[in-house]
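K.L.:
Questions regarding the structure given below will be posed in turn.
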Amino acid sequence: MDDKIIGFTQLYPTFSSIALQRAYILNDIYVTEDARGLGVGKALMEKVFHYCEQQYARYVTLQTAADNVNARKLYEKLQMKQDEYCNYVKYFM
């Protein structure tokens, strides 16, 4: 792929007051269309997991659209689980 950027993640630190431990929110993960299906998303996720473990994080969390089937398959393949929480959001723009 010739030193071309083909994907990225954006990870935000947070803190679990219940666990009294660091945690992370994976806000963005993106892989360019031409690099999809090549294992780039999996490699990015594994890098995120490794980083979070090195930081002694309790967990990493993310959200995705219900209809984002490919992403959901990847997360489940990487042993991520859907939690029991019902998320609410208020948009301002």
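In the structure tokens, the first chain shown is A, the next is B, and so on; residue numbers restart at 1 for each chain, and ligands run from 1 in the order shown.
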Set the distance at 9 Å and use only C-alpha atoms: which residues neighbour Asp28 in chain A once local chain neighbours fewer than 6 positions away are removed? I'd like the list as a tab-separated table (two decimals) with N, CA and C atoms, in the first residue's frame.

P.N.:
```
chain	number	residue	atom	x	y	z
A	8	PHE	N	-7.40	4.28	10.72
A	8	PHE	CA	-7.03	4.92	11.98
A	8	PHE	C	-8.06	4.58	13.05
A	9	THR	N	-7.68	4.84	14.29
A	9	THR	CA	-8.60	4.76	15.41
A	9	THR	C	-8.46	6.03	16.22
A	10	GLN	N	-9.49	6.35	16.98
A	10	GLN	CA	-9.43	7.47	17.91
A	10	GLN	C	-9.93	6.96	19.25
A	11	LEU	N	-9.04	7.01	20.22
A	11	LEU	CA	-9.28	6.41	21.53
A	11	LEU	C	-9.27	7.50	22.59
A	62	LEU	N	-17.13	0.69	22.75
A	62	LEU	CA	-17.41	1.39	21.49
A	62	LEU	C	-18.88	1.23	21.16
```

K.L.:
So which bits of range 6-88 of chain A end up alpha helix (DSSP H) when you DSSP the backbone, as number ranges by chain?

P.N.:
A: 40-54, 69-77

K.L.:
Restricting the calculation to only C-alpha atoms: of A:Asn87, A:Arg58, A:Phe49, A:Phe92, which residue gets closest to Tyr75 in chain A?

P.N.:
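With only C-alpha atoms as the atom set, the closest residue is A:Phe49.
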
K.L.:
With only C-alpha atoms as the atoms that count, which of A:Gln55, A:Gln21, A:Asn27, A:Thr32 lies nearest to Ile6 in chain A?

P.N.:
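Once distances to Ile6 in chain A are computed over only C-alpha atoms, the minimum belongs to A:Thr32.
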
K.L.:
Which residue is closest to Tyr56 in chain A? Choose from A:Leu26, A:Ile5, A:Leu20, A:Cys86 and count only C-alpha atoms.

P.N.:
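Checking each candidate against Tyr56 in chain A, we get A:Leu20 as the closest.
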
K.L.:
Expressed in Å to a single decimal, how great is the separation between CA of Tyr51 in chain A and CA of Ala66 in chain A?

P.N.:
26.6 Å
